[in-house]
Every structure is written in structure tokens, then in C-alpha cells.
Amino acid sequence: ANSEAAQRADMLAQAVTQNVITQDEADLFDTVHALMDGMIAAGPPASGSMGQNQQNMLDELLAAGTITQVQIDAFNDVHDRLLTAGLMQ
């Protein structure tokens, strides 16, 4: 899991350097992603597409009051921009 976190940190640093996202957006993305990593570690997600599982986890974090809808919207926006920029597979 550490290597995944390190890869994510490198990817986010690249994205900030290339002005794809801001440092604040990178920090938020990393925070939300780390929460989801914790959920995956606690138990494998139900079968389904990665995108659907991700949305389910975001919904659970929202329902628990761990994150806000604004944070989810920002996470999804950053996620889309990272994909578009070719920084994330």
C-alpha cells in the first residue's frame, strides 16, 4: 500500500508541476483517496466496476459525515483531469 501511496504522491506532484491541478486539489485528492484505501483494506469491495465501487465508497464516506459533497465533487473533478492529462490510468 505504501508504494501505491508513493506513486499517487508522485503523480499528484507531476500534476501540480504541469498546472493540471493546484496543490490544494492534490492534497484533497490524496486525503479522500487515503480514506478509500482504508475502506478497501478493511474489506474487499463488492463486485462491480472500479468506478462504481469508488462511487459507493464516496457515498459511504459522505453518509458517515467523513467528507462533504463539495469534497466529492472536487475529488471527481481532479480524478477526471488526471485521466484527461494522461497522468493516471
# chains A, B, ... in the order shown; residues from 1 in each chain; ligands from 1

$ residues_around --residues "stretch 38-42 of chain A" --least-positions-apart "3" --cutoff "12 Å" --atoms "only C-alpha atoms" --output "PyMOL selection string"
chain A and resi 1+5+31-35+45-46+50+53-54+56-58+60-61

$ closest_residue --among "A:Val78, A:Ser47, A:Leu83, A:Ile67" --to "A:Thr22" --atoms "only C-alpha atoms"
A:Val78

$ closest_residue --among "A:Leu87, A:Thr68, A:Asp80, A:Ala63" --to "A:Ala9" --atoms "only C-alpha atoms"
A:Leu87

$ atom_distance --atom1 "atom CA of A:Asp10" --atom2 "atom CA of A:Ala85"
14.5 Å

$ closest_residue --among "A:Thr66, A:Gln55, A:Gln71, A:Gln89" --to "A:Asp24" --atoms "only C-alpha atoms"
A:Gln71

$ atom_distance --atom1 "atom CA of A:His79" --atom2 "atom CA of A:Gly65"
21.2 Å

$ select_by_dssp --residues "stretch 17-79 of chain A" --states "alpha helix (DSSP H)" --output "ChimeraX atom specification"
/A:17,23-42,50-63,69-79

$ decode --residues "stretch 5-73 of chain A" --atoms "C-alpha atoms" --output "PDB file, in the first residue's frame"
ATOM      1  CA  ALA A   5       0.633   5.987  -1.862  1.00  0.00           C
ATOM      2  CA  ALA A   6       4.118   6.947  -3.084  1.00  0.00           C
ATOM      3  CA  GLN A   7       3.050   6.532  -6.722  1.00  0.00           C
ATOM      4  CA  ARG A   8      -0.004   8.676  -6.040  1.00  0.00           C
ATOM      5  CA  ALA A   9       2.172  11.350  -4.408  1.00  0.00           C
ATOM      6  CA  ASP A  10       4.484  11.379  -7.440  1.00  0.00           C
ATOM      7  CA  MET A  11       1.542  11.579  -9.839  1.00  0.00           C
ATOM      8  CA  LEU A  12      -0.027  14.454  -7.894  1.00  0.00           C
ATOM      9  CA  ALA A  13       3.292  16.323  -7.716  1.00  0.00           C
ATOM     10  CA  GLN A  14       3.617  15.973 -11.510  1.00  0.00           C
ATOM     11  CA  ALA A  15       0.052  17.191 -11.973  1.00  0.00           C
ATOM     12  CA  VAL A  16       0.727  20.269  -9.834  1.00  0.00           C
ATOM     13  CA  THR A  17       4.004  20.976 -11.699  1.00  0.00           C
ATOM     14  CA  GLN A  18       2.147  20.746 -15.012  1.00  0.00           C
ATOM     15  CA  ASN A  19      -0.616  23.042 -13.695  1.00  0.00           C
ATOM     16  CA  VAL A  20      -3.247  20.322 -14.193  1.00  0.00           C
ATOM     17  CA  ILE A  21      -4.357  20.781 -10.577  1.00  0.00           C
ATOM     18  CA  THR A  22      -3.452  23.027  -7.628  1.00  0.00           C
ATOM     19  CA  GLN A  23      -1.595  21.860  -4.519  1.00  0.00           C
ATOM     20  CA  ASP A  24      -4.825  22.229  -2.516  1.00  0.00           C
ATOM     21  CA  GLU A  25      -6.604  19.974  -5.007  1.00  0.00           C
ATOM     22  CA  ALA A  26      -3.749  17.470  -4.810  1.00  0.00           C
ATOM     23  CA  ASP A  27      -3.980  17.434  -1.006  1.00  0.00           C
ATOM     24  CA  LEU A  28      -7.744  16.916  -1.084  1.00  0.00           C
ATOM     25  CA  PHE A  29      -7.469  14.134  -3.672  1.00  0.00           C
ATOM     26  CA  ASP A  30      -4.806  12.379  -1.596  1.00  0.00           C
ATOM     27  CA  THR A  31      -6.837  12.696   1.616  1.00  0.00           C
ATOM     28  CA  VAL A  32     -10.011  11.271   0.058  1.00  0.00           C
ATOM     29  CA  HIS A  33      -8.067   8.522  -1.731  1.00  0.00           C
ATOM     30  CA  ALA A  34      -6.375   7.531   1.542  1.00  0.00           C
ATOM     31  CA  LEU A  35      -9.811   7.208   3.194  1.00  0.00           C
ATOM     32  CA  MET A  36     -10.933   4.900   0.378  1.00  0.00           C
ATOM     33  CA  ASP A  37      -7.689   2.897   0.663  1.00  0.00           C
ATOM     34  CA  GLY A  38      -8.554   2.366   4.331  1.00  0.00           C
ATOM     35  CA  MET A  39     -12.018   1.111   3.400  1.00  0.00           C
ATOM     36  CA  ILE A  40     -10.555  -1.324   0.843  1.00  0.00           C
ATOM     37  CA  ALA A  41      -8.057  -2.575   3.439  1.00  0.00           C
ATOM     38  CA  ALA A  42     -10.920  -3.167   5.883  1.00  0.00           C
ATOM     39  CA  GLY A  43     -12.699  -5.457   3.438  1.00  0.00           C
ATOM     40  CA  PRO A  44     -12.744  -6.019  -0.295  1.00  0.00           C
ATOM     41  CA  PRO A  45     -15.433  -4.018  -2.109  1.00  0.00           C
ATOM     42  CA  ALA A  46     -18.477  -5.689  -3.552  1.00  0.00           C
ATOM     43  CA  SER A  47     -18.133  -6.889  -7.093  1.00  0.00           C
ATOM     44  CA  GLY A  48     -18.712  -4.196  -9.633  1.00  0.00           C
ATOM     45  CA  SER A  49     -16.761  -1.801 -11.797  1.00  0.00           C
ATOM     46  CA  MET A  50     -13.941   0.168 -10.222  1.00  0.00           C
ATOM     47  CA  GLY A  51     -15.831   3.379 -10.953  1.00  0.00           C
ATOM     48  CA  GLN A  52     -18.988   2.080  -9.285  1.00  0.00           C
ATOM     49  CA  ASN A  53     -17.059   0.807  -6.257  1.00  0.00           C
ATOM     50  CA  GLN A  54     -15.353   4.199  -5.978  1.00  0.00           C
ATOM     51  CA  GLN A  55     -18.711   5.988  -6.075  1.00  0.00           C
ATOM     52  CA  ASN A  56     -20.112   3.592  -3.455  1.00  0.00           C
ATOM     53  CA  MET A  57     -17.184   4.323  -1.143  1.00  0.00           C
ATOM     54  CA  LEU A  58     -17.578   8.077  -1.652  1.00  0.00           C
ATOM     55  CA  ASP A  59     -21.290   7.730  -0.829  1.00  0.00           C
ATOM     56  CA  GLU A  60     -20.449   5.812   2.355  1.00  0.00           C
ATOM     57  CA  LEU A  61     -17.894   8.435   3.433  1.00  0.00           C
ATOM     58  CA  LEU A  62     -20.479  11.148   2.751  1.00  0.00           C
ATOM     59  CA  ALA A  63     -23.179   9.296   4.712  1.00  0.00           C
ATOM     60  CA  ALA A  64     -20.778   8.878   7.633  1.00  0.00           C
ATOM     61  CA  GLY A  65     -20.058  12.602   7.594  1.00  0.00           C
ATOM     62  CA  THR A  66     -16.361  11.916   6.938  1.00  0.00           C
ATOM     63  CA  ILE A  67     -16.325  14.047   3.780  1.00  0.00           C
ATOM     64  CA  THR A  68     -18.674  16.583   2.203  1.00  0.00           C
ATOM     65  CA  GLN A  69     -20.376  16.615  -1.196  1.00  0.00           C
ATOM     66  CA  VAL A  70     -18.142  19.564  -2.119  1.00  0.00           C
ATOM     67  CA  GLN A  71     -15.082  17.378  -1.432  1.00  0.00           C
ATOM     68  CA  ILE A  72     -16.559  14.533  -3.506  1.00  0.00           C
ATOM     69  CA  ASP A  73     -17.223  16.897  -6.417  1.00  0.00           C
TER      70      ASP A  73
END
